[in-house]
Amino acid sequence: MNLTDIQALDQQDPLAYKRDEFDLPPNCIYLDGNSLGALPTAVKPRVADLVTQQWGNSLITSWNSHNWIDLPVNIGEKIAPLIGAAPQQVICCDSISVNLFKVLCAALALNPGRTQVLSTQDNFPTDLYMVQGVTELLGSDKCQLKMVQETQITEHLNDSVAVLLLTQVNFRTGRLLDMKQLTQRAHDKGILVIWDLAHSAGAFPIELDSCEVDFAVGCGYKYLNGGPGAPAFLYVAKGHQSACVQPLLGWMGHSKPFDFAPLYQPAADIKRFLSGTPSVVAMSVLDAALDVWTDVNLVQVREKSIALAEVFMTLINAHDCLHTLQLVSPIAAEQRGSQLAYRHEQAFAICQALIDRGVIADFRAPDLIRFGLTPLYTSFEDIWHSVNHLLEVVNNKLFLEPRFNQILKVT
Ligand SMILES: Cc1ncc(COP(=O)(O)O)c(C=O)c1O
């Protein structure tokens, strides 16, 4: 495979034109959209308008005149088609952690007599911490966390399990779990299922409704490009909504928030999962960022993601000196999300050396480098140059330089 072959792939790429809808700095190859998505160009004018016109000029009247109050619902409806959800089941609010707390409590209450929450040992820690927090709050007679290996989930599905809590794509390895099959097997045992879509939403097609998922949560800042700390979303299947009680009863989840009644009466629909005032600035950014998706076919996104990964792996395999990097992501495309993770004992320093050369990847302790593949703004030529930089860093042992070995607060 040579540069001409790679450039031909870019010429045939039906998504190539999307790159112009992102504001990427020059001389930068960004392979970290699985952590923080790039900046869509539409965001800047939206923020300027929000600050100067909506907030600056219209002040509080913007809650009505600019529909600030409807942002959680309207953004939820923009995310819904990206995750295979029919309308009125997705709402934008809070963070994944907070939303997990809400749906976990709601799911446990919907499955009385059962107390176990089954998850995986290497799930993203916040998911596991939230279950531990619910146990602290309700007592271990109402909630216990059981953690198993990813390969052993089905054999632990039994009558004690109330809720199966899974992240669809493992944040370290990029392994993709089979949503349809695991949801079905859990349901066969009377278990409700919560999926964390942090590394899935915007990365490939998801079919929450057709997989009959009960609850899901996901974030706005990765593949949805909603900016640092963007608000998250949650999904509750329509059939569960009226029976759901979530614990963070706030006025925005009330059926009539502006009646200011002392007693709580939940909204009849998905809005009962809201708690406090929406973060209008952050939501407006996410709202503008989501317009990038209006003409995007997620099947094409998936195809390009797989093709980018294949090129990356082929180029790595072509260089003997890169064999010190051990692929920990599944080789089979259908078992992988939209990232590749490699193990190397100098992973942190290699990552810093790459960043110094303008190739932004990231590190996960103790020894993983992750390369996020975001088909809307990553080209095949980016992959070519990234692997060449990696080759120079590893071949010349540039990672030994002290400046690439300084511990940082955020890795
Ligand atoms: C799988 C997964 N869940 C949850 C989170 C974090 O959620 P929060 O929005 O609460 O920070 C992350 C962050 O990267 C994640 O990868």
# chains A, B, ... in the order shown; residues from 1 in each chain; ligands from 1
>>> residues_near_ligand(ligand="ligand 1", cutoff="7 Å", atoms="only C-alpha atoms and all ligand atoms", output="VMD selection string")
chain A and resid 35 95 to 98 123 to 124 126 to 127 167 170 to 171 196 to 199 219 232
>>> residues_around(residues="Val292 in chain A", least_positions_apart="6", cutoff="10 Å", atoms="only C-alpha atoms", output="list in words")
Lys18, Glu21, Phe22, Pro40, Thr41, Ala42, Leu224, Asn225 and Leu376 of chain A
>>> write_last_selection(atoms="N, CA, C and O atoms", output="mmCIF file, in the first residue's frame")
data_model
loop_
_atom_site.group_PDB
_atom_site.id
_atom_site.type_symbol
_atom_site.label_atom_id
_atom_site.label_comp_id
_atom_site.auth_asym_id
_atom_site.auth_seq_id
_atom_site.Cartn_x
_atom_site.Cartn_y
_atom_site.Cartn_z
ATOM 1 N N LYS A 18 -17.428 16.193 4.233
ATOM 2 C CA LYS A 18 -17.841 16.597 5.582
ATOM 3 C C LYS A 18 -16.720 17.288 6.356
ATOM 4 O O LYS A 18 -16.968 18.047 7.283
ATOM 5 N N GLU A 21 -16.820 20.875 7.176
ATOM 6 C CA GLU A 21 -17.794 21.354 8.170
ATOM 7 C C GLU A 21 -17.197 21.350 9.581
ATOM 8 O O GLU A 21 -17.900 21.546 10.559
ATOM 9 N N PHE A 22 -15.884 21.109 9.642
ATOM 10 C CA PHE A 22 -15.198 21.124 10.942
ATOM 11 C C PHE A 22 -14.050 22.111 10.894
ATOM 12 O O PHE A 22 -13.414 22.302 9.859
ATOM 13 N N PRO A 40 -17.389 21.672 15.128
ATOM 14 C CA PRO A 40 -18.105 21.928 13.864
ATOM 15 C C PRO A 40 -18.154 23.431 13.596
ATOM 16 O O PRO A 40 -18.359 24.232 14.521
ATOM 17 N N THR A 41 -17.978 23.826 12.338
ATOM 18 C CA THR A 41 -17.920 25.264 12.014
ATOM 19 C C THR A 41 -19.216 25.978 12.395
ATOM 20 O O THR A 41 -19.197 27.153 12.744
ATOM 21 N N ALA A 42 -20.333 25.264 12.367
ATOM 22 C CA ALA A 42 -21.630 25.894 12.673
ATOM 23 C C ALA A 42 -21.742 26.355 14.126
ATOM 24 O O ALA A 42 -22.633 27.134 14.467
ATOM 25 N N LEU A 224 -20.446 12.990 18.876
ATOM 26 C CA LEU A 224 -21.487 13.969 18.531
ATOM 27 C C LEU A 224 -20.934 15.403 18.491
ATOM 28 O O LEU A 224 -21.674 16.340 18.179
ATOM 29 N N ASN A 225 -19.681 15.583 18.868
ATOM 30 C CA ASN A 225 -18.966 16.861 18.686
ATOM 31 C C ASN A 225 -19.607 18.051 19.398
ATOM 32 O O ASN A 225 -19.554 19.181 18.916
ATOM 33 N N LEU A 376 -16.119 11.493 9.788
ATOM 34 C CA LEU A 376 -16.561 12.778 9.236
ATOM 35 C C LEU A 376 -15.389 13.729 8.997
ATOM 36 O O LEU A 376 -15.490 14.627 8.178
#
>>> select_by_dssp(residues="range 33-173 of chain A", states="helix (DSSP H, G or I)", output="ChimeraX atom specification")
/A:43-57,59-65,68-83,96-110,125-138,150-152,154-156
>>> closest_residue(among="A:Ser379, A:Gln406, A:Thr314, A:Asn388", to="Ala349 in chain A", atoms="only C-alpha atoms")
A:Gln406
>>> closest_residue(among="A:Lys271, A:His240, A:Arg357, A:Lys409", to="Ser255 in chain A", atoms="only C-alpha atoms")
A:Lys271
>>> select_by_dssp(residues="range 323-399 of chain A", states="strand (DSSP E or B)", output="PyMOL selection string")
chain A and resi 326-327+336+339-343+359-360+362-364+368-372
>>> closest_residue(among="A:Gln152, A:Lys102, A:Leu137, A:Gln53", to="Ser65 in chain A", atoms="only C-alpha atoms")
A:Gln53
>>> closest_residue(among="A:Leu164, A:Ala332, A:Leu390, A:Cys211", to="Leu104 in chain A", atoms="only C-alpha atoms")
A:Leu164
>>> closest_atom_pairs(of="range 316-370 of chain A", to="range 402-405 of chain A", cutoff="9 Å", atoms="only C-alpha atoms", output="CSV")
residue,atom,partner,partner_atom,distance
A:Phe348,CA,A:Asn405,CA,7.3
A:Ala349,CA,A:Phe404,CA,4.9
A:Ile350,CA,A:Phe404,CA,7.5
A:Cys351,CA,A:Phe404,CA,8.2
A:Gln352,CA,A:Phe404,CA,5.3
A:Ala353,CA,A:Phe404,CA,5.9
A:Asp356,CA,A:Phe404,CA,8.6
>>> write_last_selection(atoms="C-alpha atoms", output="compact mmCIF listing (two decimals), in the first residue's frame")
# COMPACT_ATOMS: atom_id res chain seq x y z
CA PHE A 348 2.25 7.42 27.54
CA ALA A 349 5.52 8.82 26.18
CA ILE A 350 4.79 7.61 22.64
CA CYS A 351 1.48 9.42 22.82
CA GLN A 352 3.14 12.64 24.00
CA ALA A 353 5.74 12.40 21.25
CA ASP A 356 4.30 17.01 19.76
>>> residues_around(residues="Val328 in chain A", least_positions_apart="2", cutoff="9 Å", atoms="only C-alpha atoms", output="PyMOL selection string")
chain A and resi 172-175+326+330-331+340-343+368
>>> atom_distance(atom1="CA of Arg364 in chain A", atom2="CA of Gln181 in chain A")
29.0 Å
